[in-house]
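So this one's start-v3.txt, compact mmCIF, C-alpha atoms:
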# COMPACT_ATOMS: atom_id res chain seq x y z
CA MET A 1 1.64 -1.55 -27.47
CA ASN A 2 1.89 -1.63 -23.65
CA THR A 3 3.26 -4.99 -22.54
CA GLU A 4 4.03 -3.98 -18.95
CA LEU A 5 3.20 -6.76 -16.50
CA ARG A 6 0.28 -5.81 -14.32
CA LYS A 7 0.75 -5.27 -10.60
CA ILE A 8 -2.52 -6.12 -8.86
CA LEU A 9 -3.27 -5.98 -5.14
CA HIS A 10 -6.12 -7.74 -3.37
CA VAL A 11 -6.64 -5.91 -0.08
CA ASP A 12 -8.77 -7.96 2.31
CA MET A 13 -9.57 -6.64 5.78
CA ASP A 14 -9.16 -9.18 8.60
CA ALA A 15 -12.42 -10.03 10.44
CA PHE A 16 -13.61 -6.58 9.40
CA PHE A 17 -16.78 -6.12 11.47
CA VAL A 18 -15.07 -7.48 14.58
CA SER A 19 -11.98 -5.35 13.93
CA VAL A 20 -14.12 -2.20 13.75
CA GLU A 21 -15.75 -3.12 17.06
CA GLU A 22 -12.27 -3.67 18.56
CA ALA A 23 -11.08 -0.31 17.25
CA LEU A 24 -14.05 1.35 18.96
CA ASP A 25 -13.67 -0.75 22.14
CA PRO A 26 -10.06 -1.94 22.61
CA SER A 27 -11.13 -4.11 25.59
CA LEU A 28 -12.56 -6.59 23.05
CA LYS A 29 -9.15 -7.36 21.51
CA GLY A 30 -8.10 -10.99 21.85
CA LYS A 31 -11.54 -12.04 23.10
CA PRO A 32 -14.05 -14.39 21.42
CA VAL A 33 -16.34 -11.87 19.69
CA ILE A 34 -19.27 -12.64 17.39
CA VAL A 35 -21.05 -9.98 15.36
CA GLY A 36 -24.50 -11.08 14.31
CA GLY A 37 -27.13 -10.12 16.81
CA ASP A 38 -29.00 -11.72 19.69
CA PRO A 39 -27.54 -15.13 20.67
CA ASP A 40 -31.11 -16.25 21.44
CA GLY A 41 -32.35 -15.01 18.06
CA ARG A 42 -32.55 -16.59 14.63
CA GLY A 43 -29.86 -14.69 12.75
CA VAL A 44 -26.51 -15.83 11.45
CA VAL A 45 -22.92 -14.93 12.30
CA ALA A 46 -21.85 -11.88 10.30
CA ALA A 47 -18.25 -11.96 11.56
CA ALA A 48 -16.19 -13.93 14.06
CA SER A 49 -12.96 -12.92 15.76
CA TYR A 50 -9.95 -15.16 15.30
CA ALA A 51 -10.18 -16.03 19.01
CA VAL A 52 -13.66 -17.50 18.56
CA ARG A 53 -12.84 -19.29 15.31
CA ARG A 54 -10.79 -21.77 17.34
CA TYR A 55 -14.11 -23.12 18.61
CA GLY A 56 -15.34 -23.80 15.07
CA VAL A 57 -17.41 -20.64 14.73
CA HIS A 58 -17.44 -19.05 11.28
CA SER A 59 -19.38 -16.53 9.19
CA ALA A 60 -22.87 -17.49 7.97
CA MET A 61 -23.26 -20.04 10.80
CA PRO A 62 -26.60 -19.85 12.66
CA ILE A 63 -26.23 -17.80 15.84
CA ALA A 64 -27.73 -20.60 17.94
CA GLN A 65 -25.06 -23.02 16.72
CA ALA A 66 -22.31 -20.48 17.42
CA LYS A 67 -23.61 -20.07 20.97
CA ARG A 68 -23.47 -23.84 21.51
CA LEU A 69 -19.88 -23.98 20.26
CA CYS A 70 -18.72 -21.01 22.32
CA PRO A 71 -21.27 -20.09 25.01
CA HIS A 72 -18.90 -17.58 26.65
CA ALA A 73 -18.47 -15.54 23.44
CA ILE A 74 -19.30 -11.84 23.38
CA PHE A 75 -22.24 -11.29 21.04
CA LEU A 76 -22.67 -7.89 19.35
CA SER A 77 -25.53 -6.77 17.12
CA GLY A 78 -23.22 -4.59 15.03
CA SER A 79 -23.86 -1.42 13.07
CA HIS A 80 -23.96 -1.33 9.28
CA ARG A 81 -23.59 2.44 9.40
CA ARG A 82 -20.34 2.24 11.37
CA TYR A 83 -18.94 -0.48 9.13
CA SER A 84 -19.83 1.53 6.03
CA GLU A 85 -18.06 4.58 7.46
CA TYR A 86 -14.88 2.60 8.16
CA SER A 87 -15.11 0.94 4.75
CA ALA A 88 -15.29 4.35 3.06
CA LYS A 89 -12.17 5.44 4.96
CA VAL A 90 -10.29 2.32 3.83
CA PHE A 91 -11.22 3.02 0.20
CA GLU A 92 -10.14 6.65 0.57
CA ILE A 93 -6.67 5.40 1.50
CA LEU A 94 -6.57 2.96 -1.42
CA LYS A 95 -7.58 5.65 -3.91
CA ARG A 96 -4.58 7.73 -2.91
CA TYR A 97 -2.38 5.04 -4.44
CA SER A 98 -4.28 4.32 -7.67
CA PRO A 99 -7.33 5.53 -9.57
CA LEU A 100 -8.18 1.89 -10.31
CA VAL A 101 -9.77 0.60 -7.10
CA GLU A 102 -12.50 -2.03 -7.50
CA PRO A 103 -14.48 -2.69 -4.30
CA MET A 104 -15.77 -6.25 -4.04
CA SER A 105 -17.54 -5.74 -0.71
CA LEU A 106 -17.26 -3.50 2.35
CA ASP A 107 -14.02 -5.17 3.37
CA GLU A 108 -12.14 -6.12 0.22
CA ALA A 109 -10.97 -4.50 -3.00
CA PHE A 110 -8.63 -4.92 -5.93
CA VAL A 111 -6.09 -2.17 -6.61
CA ASP A 112 -4.17 -1.88 -9.89
CA LEU A 113 -0.78 -0.31 -9.21
CA THR A 114 0.52 -0.81 -12.74
CA GLY A 115 2.40 2.31 -13.78
CA CYS A 116 2.30 3.85 -10.30
CA GLU A 117 5.93 3.10 -9.37
CA ARG A 118 7.13 6.66 -10.08
CA LEU A 119 4.65 8.01 -7.57
CA HIS A 120 4.78 5.40 -4.83
CA GLY A 121 7.84 3.25 -5.45
CA PRO A 122 8.07 -0.53 -6.04
CA VAL A 123 4.88 -2.56 -5.62
CA LEU A 124 6.03 -4.28 -2.43
CA LYS A 125 6.86 -0.95 -0.82
CA SER A 126 3.50 0.48 -1.88
CA ALA A 127 1.61 -2.49 -0.46
CA GLU A 128 3.48 -2.16 2.81
CA LYS A 129 2.67 1.57 2.97
CA ILE A 130 -1.03 0.84 2.34
CA ARG A 131 -1.15 -1.76 5.08
CA ASN A 132 0.63 0.49 7.57
CA GLU A 133 -1.54 3.49 6.74
CA ILE A 134 -4.76 1.53 7.27
CA LEU A 135 -3.47 0.28 10.62
CA GLU A 136 -2.23 3.67 11.82
CA ALA A 137 -5.24 5.67 10.65
CA LEU A 138 -8.03 3.22 11.51
CA GLY A 139 -6.55 0.61 13.82
CA LEU A 140 -7.48 -2.19 11.40
CA ASN A 141 -5.39 -5.03 10.01
CA ALA A 142 -5.41 -5.91 6.32
CA SER A 143 -3.99 -8.85 4.40
CA ILE A 144 -2.67 -8.07 0.93
CA GLY A 145 -2.03 -10.41 -1.97
CA ILE A 146 0.12 -9.14 -4.85
CA ALA A 147 0.28 -10.74 -8.28
CA SER A 148 0.01 -10.17 -12.01
CA ASN A 149 -3.76 -10.73 -12.09
CA LYS A 150 -6.85 -10.59 -9.86
CA LEU A 151 -7.22 -14.35 -9.47
CA LEU A 152 -3.70 -14.86 -8.14
CA ALA A 153 -3.86 -11.76 -5.94
CA LYS A 154 -7.05 -13.02 -4.28
CA ILE A 155 -5.55 -16.48 -3.68
CA ALA A 156 -2.44 -14.84 -2.21
CA SER A 157 -4.36 -12.62 0.23
CA ALA A 158 -6.35 -15.59 1.53
CA TYR A 159 -3.15 -17.61 1.89
CA CYS A 160 -1.40 -15.00 4.07
CA LYS A 161 -4.29 -14.21 6.44
CA PRO A 162 -4.39 -12.80 9.02
CA ASN A 163 -2.39 -9.58 8.79
CA GLY A 164 0.01 -10.86 6.14
CA MET A 165 1.37 -9.82 2.77
CA LEU A 166 2.33 -12.18 -0.06
CA TRP A 167 3.73 -11.46 -3.50
CA ILE A 168 3.54 -14.12 -6.19
CA ALA A 169 6.48 -13.07 -8.33
CA PRO A 170 6.22 -13.38 -12.13
CA GLY A 171 7.28 -16.85 -13.23
CA MET A 172 6.51 -18.39 -9.84
CA GLU A 173 2.77 -18.85 -10.38
CA GLN A 174 2.77 -22.59 -11.09
CA ARG A 175 5.22 -23.38 -8.31
CA PHE A 176 3.01 -21.52 -5.85
CA LEU A 177 -0.31 -22.96 -7.05
CA ALA A 178 0.56 -26.63 -7.58
CA PRO A 179 0.69 -27.81 -3.95
CA LEU A 180 -2.38 -25.86 -2.81
CA PRO A 181 -5.59 -27.79 -2.00
CA ILE A 182 -8.25 -27.28 -4.65
CA GLN A 183 -10.45 -25.36 -2.20
CA ARG A 184 -7.98 -22.46 -2.51
CA ILE A 185 -9.30 -21.80 -6.02
CA PRO A 186 -12.14 -19.22 -5.93
CA GLY A 187 -15.35 -20.78 -7.16
CA ILE A 188 -14.67 -24.28 -5.83
CA GLY A 189 -17.01 -24.75 -2.89
CA PRO A 190 -17.67 -27.79 -0.71
CA LYS A 191 -19.85 -29.50 -3.31
CA GLY A 192 -17.47 -28.88 -6.22
CA GLY A 193 -14.48 -29.83 -4.08
CA ALA A 194 -16.08 -33.13 -3.09
CA GLU A 195 -16.83 -33.93 -6.73
CA LEU A 196 -13.25 -33.23 -7.79
CA ARG A 197 -11.85 -35.29 -4.93
CA ARG A 198 -13.98 -38.23 -6.05
CA MET A 199 -12.05 -38.00 -9.31
CA GLY A 200 -8.78 -38.12 -7.36
CA ILE A 201 -8.11 -34.39 -7.77
CA LYS A 202 -6.85 -33.06 -4.44
CA SER A 203 -4.39 -30.30 -5.33
CA VAL A 204 -4.32 -27.47 -7.85
CA GLY A 205 -1.43 -29.30 -9.52
CA ASP A 206 -3.66 -32.37 -9.98
CA LEU A 207 -6.27 -30.15 -11.61
CA ALA A 208 -3.72 -28.45 -13.86
CA ARG A 209 -2.66 -31.80 -15.32
CA LEU A 210 -6.13 -32.50 -16.72
CA PRO A 211 -6.69 -31.59 -20.40
CA LEU A 212 -9.17 -28.91 -21.35
CA GLU A 213 -11.28 -31.36 -23.37
CA LEU A 214 -11.84 -33.62 -20.36
CA LEU A 215 -12.80 -30.78 -18.03
CA GLU A 216 -15.14 -29.23 -20.59
CA GLU A 217 -16.83 -32.55 -21.31
CA ALA A 218 -17.27 -33.30 -17.61
CA TYR A 219 -18.25 -29.84 -16.32
CA GLY A 220 -19.06 -27.60 -19.29
CA LYS A 221 -18.30 -23.90 -18.78
CA TRP A 222 -17.24 -24.51 -15.20
CA GLY A 223 -14.68 -27.01 -16.45
CA VAL A 224 -13.26 -24.45 -18.89
CA SER A 225 -13.02 -21.96 -16.01
CA LEU A 226 -11.24 -24.54 -13.83
CA TYR A 227 -8.70 -25.18 -16.58
CA SER A 228 -7.71 -21.48 -16.59
CA LYS A 229 -7.81 -21.01 -12.84
CA ALA A 230 -5.59 -24.04 -12.17
CA ARG A 231 -2.97 -22.36 -14.36
CA GLY A 232 -3.35 -18.96 -12.73
CA ILE A 233 -4.79 -17.46 -15.91
CA SER A 234 -7.10 -14.46 -15.63
CA ASP A 235 -7.49 -11.42 -17.86
CA SER A 236 -10.21 -9.72 -15.82
CA PRO A 237 -9.32 -6.01 -15.51
CA VAL A 238 -9.54 -3.96 -12.32
CA ILE A 239 -12.50 -1.67 -12.88
CA GLY A 240 -12.43 1.64 -11.07
CA GLU A 241 -15.28 2.21 -8.65
CA VAL A 242 -18.37 3.88 -10.03
CA GLU A 243 -20.27 6.16 -7.72
CA ASP A 244 -23.48 4.19 -8.04
CA PRO A 245 -23.82 0.86 -6.21
CA ARG A 246 -24.87 -2.14 -8.30
CA SER A 247 -27.85 -2.89 -6.07
CA ILE A 248 -29.60 -1.83 -2.90
CA SER A 249 -31.35 -4.45 -0.81
CA ARG A 250 -32.82 -5.20 2.60
CA GLU A 251 -33.81 -8.54 4.08
CA THR A 252 -34.66 -9.92 7.49
CA THR A 253 -34.88 -13.30 9.19
CA LEU A 254 -38.20 -13.38 11.03
CA GLU A 255 -38.22 -14.00 14.77
CA MET A 256 -40.85 -16.69 14.13
CA ASP A 257 -41.63 -18.40 10.84
CA SER A 258 -44.84 -16.94 9.46
CA ALA A 259 -47.55 -17.86 6.98
CA ASP A 260 -49.57 -14.71 7.68
CA PRO A 261 -49.78 -12.78 4.38
CA LEU A 262 -50.66 -9.49 6.11
CA PHE A 263 -47.65 -9.74 8.41
CA LEU A 264 -45.39 -10.63 5.49
CA GLU A 265 -46.69 -7.69 3.45
CA SER A 266 -46.17 -5.37 6.42
CA THR A 267 -42.59 -6.60 6.84
CA LEU A 268 -42.02 -6.16 3.12
CA SER A 269 -43.39 -2.61 3.33
CA TYR A 270 -40.90 -1.76 6.10
CA LEU A 271 -37.97 -3.24 4.17
CA THR A 272 -39.06 -1.39 1.03
CA GLU A 273 -39.12 1.91 2.89
CA LYS A 274 -35.60 1.27 4.22
CA ALA A 275 -34.18 0.36 0.80
CA ALA A 276 -36.02 3.14 -1.05
CA GLY A 277 -34.70 5.66 1.46
CA GLN A 278 -31.18 4.51 0.62
CA LEU A 279 -31.97 4.90 -3.08
CA ARG A 280 -32.94 8.51 -2.56
CA GLU A 281 -29.95 9.14 -0.30
CA ASN A 282 -27.70 8.01 -3.16
CA LYS A 283 -29.80 9.96 -5.70
CA LEU A 284 -30.56 6.75 -7.57
CA PHE A 285 -33.60 5.21 -9.22
CA ALA A 286 -34.34 1.50 -9.61
CA ARG A 287 -35.80 -0.20 -12.62
CA THR A 288 -35.85 -3.81 -11.40
CA VAL A 289 -37.45 -5.10 -8.20
CA THR A 290 -36.57 -8.56 -6.83
CA LEU A 291 -38.42 -10.33 -4.03
CA LYS A 292 -36.67 -13.03 -2.00
CA LEU A 293 -38.34 -15.62 0.24
CA ARG A 294 -36.74 -18.38 2.30
CA TYR A 295 -39.13 -20.95 3.71
CA SER A 296 -38.84 -22.85 6.98
CA ASP A 297 -37.50 -25.85 5.03
CA PHE A 298 -34.69 -23.49 3.84
CA LYS A 299 -35.85 -23.52 0.22
CA THR A 300 -35.08 -20.06 -1.20
CA VAL A 301 -36.94 -18.53 -4.15
CA THR A 302 -36.73 -15.17 -5.90
CA ARG A 303 -38.86 -13.35 -8.46
CA SER A 304 -38.14 -10.10 -10.33
CA LYS A 305 -40.04 -7.51 -12.31
CA THR A 306 -38.68 -4.68 -14.44
CA LEU A 307 -40.50 -1.34 -14.47
CA GLU A 308 -41.09 0.77 -17.56
CA MET A 309 -39.58 3.79 -15.79
CA PRO A 310 -36.99 3.83 -12.97
CA THR A 311 -38.25 5.14 -9.64
CA ALA A 312 -37.27 5.71 -6.00
CA GLU A 313 -40.85 6.09 -4.72
CA ASP A 314 -41.84 3.82 -1.83
CA HIS A 315 -45.42 3.34 -2.93
CA THR A 316 -44.50 2.31 -6.48
CA LEU A 317 -41.72 -0.05 -5.42
CA PHE A 318 -43.87 -1.62 -2.69
CA LYS A 319 -46.74 -2.18 -5.13
CA ILE A 320 -44.40 -4.18 -7.35
CA GLY A 321 -42.90 -6.08 -4.41
CA ALA A 322 -46.31 -6.89 -2.93
CA GLY A 323 -47.49 -8.16 -6.30
CA LEU A 324 -44.50 -10.46 -6.50
CA LEU A 325 -45.18 -11.66 -2.96
CA ARG A 326 -48.79 -12.53 -3.73
CA LYS A 327 -47.69 -14.54 -6.77
CA LEU A 328 -44.76 -16.22 -5.05
CA PHE A 329 -46.25 -17.05 -1.65
CA THR A 330 -48.43 -19.97 -2.69
CA ARG A 331 -46.81 -22.79 -0.70
CA ARG A 332 -48.21 -24.01 2.61
CA VAL A 333 -44.83 -23.65 4.22
CA ARG A 334 -44.04 -20.85 6.65
CA VAL A 335 -41.63 -18.11 5.62
CA ARG A 336 -38.32 -17.78 7.51
CA LEU A 337 -36.75 -14.84 5.64
CA ILE A 338 -38.07 -12.10 3.39
CA GLY A 339 -36.12 -9.55 1.40
CA ILE A 340 -36.32 -7.02 -1.41
CA ALA A 341 -33.62 -5.81 -3.80
CA PHE A 342 -33.46 -2.94 -6.28
CA THR A 343 -31.20 -3.29 -9.31
CA SER A 344 -30.72 -1.74 -12.76
CA LEU A 345 -29.94 1.48 -10.94
CA THR A 346 -29.62 4.81 -12.71
CA ALA A 347 -29.06 8.41 -11.71
CA THR A 348 -31.84 9.52 -14.10
CA PRO A 349 -35.54 8.75 -13.51
CA TYR A 350 -36.57 9.27 -17.14
CA ARG A 351 -39.98 10.21 -15.78
CA GLN A 352 -42.64 11.50 -18.13
CA GLU A 353 -45.71 13.00 -16.51
CA GLY A 354 -49.06 11.69 -17.68
CA LEU A 355 -51.51 14.17 -19.15
CA PHE A 356 -54.12 13.23 -16.54
CA ASP A 357 -51.74 12.84 -13.57
CA SER A 358 -53.48 15.09 -11.07
CA LYS A 359 -50.78 14.84 -8.37
CA GLY A 360 -47.74 14.91 -10.59
CA GLY A 361 -44.30 13.54 -9.94
CA GLN A 362 -43.14 16.75 -8.24
CA CYS A 363 -45.70 16.26 -5.47
CA TRP A 364 -44.32 12.80 -4.74
CA ASP A 365 -40.78 14.18 -4.82
CA ASP A 366 -41.71 16.87 -2.30
CA LEU A 367 -43.43 14.31 -0.07
CA TYR A 368 -40.47 11.94 0.05
CA GLN A 369 -37.99 14.77 0.55
CA GLY A 370 -40.02 15.82 3.57
CA ILE A 371 -40.13 12.26 4.91
CA ASP A 372 -36.38 11.90 4.46
CA ARG A 373 -35.73 15.17 6.32
CA ILE A 374 -37.87 14.04 9.27
CA ARG A 375 -36.08 10.68 9.42
CA HIS A 376 -32.67 12.31 9.22
CA LYS A 377 -33.53 14.46 12.22
CA TYR A 378 -35.59 12.09 14.36
CA GLY A 379 -34.67 8.59 13.17
CA PHE A 380 -36.03 6.23 10.54
CA ARG A 381 -38.95 4.92 12.61
CA SER A 382 -40.20 8.43 13.37
CA ILE A 383 -42.41 8.28 10.27
CA LEU A 384 -43.58 5.07 8.57
CA ARG A 385 -46.31 4.00 6.22
CA ALA A 386 -49.36 2.58 8.03
CA ARG A 387 -48.73 -0.75 6.31
CA SER A 388 -45.19 -0.90 7.75
CA ASN A 389 -46.43 -0.25 11.28
CA GLN A 390 -48.79 -3.26 11.14
CA ARG A 391 -45.84 -5.62 11.61
CA ASP A 392 -45.47 -4.47 15.21
CA ALA A 393 -49.11 -5.17 15.93
CA ASN A 394 -48.89 -8.83 14.91

Mind turning this structure into structure tokens?
Amino acid sequence: MNTELRKILHVDMDAFFVSVEEALDPSLKGKPVIVGGDPDGRGVVAAASYAVRRYGVHSAMPIAQAKRLCPHAIFLSGSHRRYSEYSAKVFEILKRYSPLVEPMSLDEAFVDLTGCERLHGPVLKSAEKIRNEILEALGLNASIGIASNKLLAKIASAYCKPNGMLWIAPGMEQRFLAPLPIQRIPGIGPKGGAELRRMGIKSVGDLARLPLELLEEAYGKWGVSLYSKARGISDSPVIGEVEDPRSISRETTLEMDSADPLFLESTLSYLTEKAAGQLRENKLFARTVTLKLRYSDFKTVTRSKTLEMPTAEDHTLFKIGAGLLRKLFTRRVRVRLIGIAFTSLTATPYRQEGLFDSKGGQCWDDLYQGIDRIRHKYGFRSILRARSNQRDAN
């Protein structure tokens, strides 16, 4: 039986989108930079440099509010393609140190270095080598938390930001956790934190002193989870990255809130084409389609439908999405955001041709392969469905 203590890293890139922009344009370093689009638009902050955070700007804040807080900030629209390319390079470096790399997003991942000492040396040395290699190869800073499980490693990386490294040595878990404010525990947001503070619970140590029975009675499953987290207990394994993403989605915040069903369907058609193109690029097929709407009063609703057979065909996926939209869009409130997501992804379509299918699946495959080739050469908007083009006419 292997009883070796695990050695888990949480590698978290510092202000990742901004850092990529700084690597591409060094003149931005040290300046208040906001990635998130037009400062006169309706989007949200995707990333904020540490220089602009001093003004109270943070991720997910409305762009308009960020502009009010720091009107002299440099606003960049950003490029998902560039960020994905840099993210892939970061993960390439991580995979040279362990086969167990679990991406959590473009800019963070868990790495299990258990048993890798013979190859790379002690865990602290390995973490330092990873951090230095990312900086030297890509010009990006990373913060790294090191601990015996994923929960503690994630808390440690957040604690030592920016550009830091922290190891919670075995046996020191409780001493490290006890004085921390409860917001340091993943899963405790503003609402949960306020509720706990009303009970007089301000630190992780306060939370750890509460019995399991009390927490379970007060908060159910969340209370049971809090009991373990306050003690630094987590048995979640680091799962090596699979080639297939868990989901592919596209959404957009409209320039003006809209209650026009034709415009909304046209926007949905465009988003579906974008997401379906990514499906085919990854050689994947989706079985579940989810529609997302956010109204002008900020109420957000979603609806999903599962197909009998997975597909990556625009027309099939849009038909499902449009049907969900017609069922969901019944309120007399304008729509602020619309999005579509594909999940239950598989590398196999499991398609069975119908006896009376005059066109056949191969014809659709040939059509979409041709469309994808044209877009690859001339750009995505070089060829669109007529329905998608209607959005520009409204």

- Message: Counting all atoms listed in the file, which residues have an atom no more than 12 Å from (-3.5, -1.5, -7.7) in the file's coordinates? Please list them as a count of residues only.
- Response: 46

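Of the listed residues (A:Glu216, A:Asp257, A:Asp12, A:Glu251), A:Glu251 comes nearest to Phe342 in chain A; the distances count all atoms listed in the file.
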
- Note on the structure: One decimal place gives the CA of Ala137 in chain A-CA of Glu108 in chain A separation as 17.2 Å

- A:Glu265, A:Glu22, A:Asp297, A:Glu281: which is nearest Ile338 in chain A, counting all atoms listed in the file? A:Glu265

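Compared by their closest atoms to Arg82 in chain A, and using all atoms listed in the file, the residues A:Val45, A:Leu140, A:Glu21, A:His58 rank with A:Glu21 nearest.
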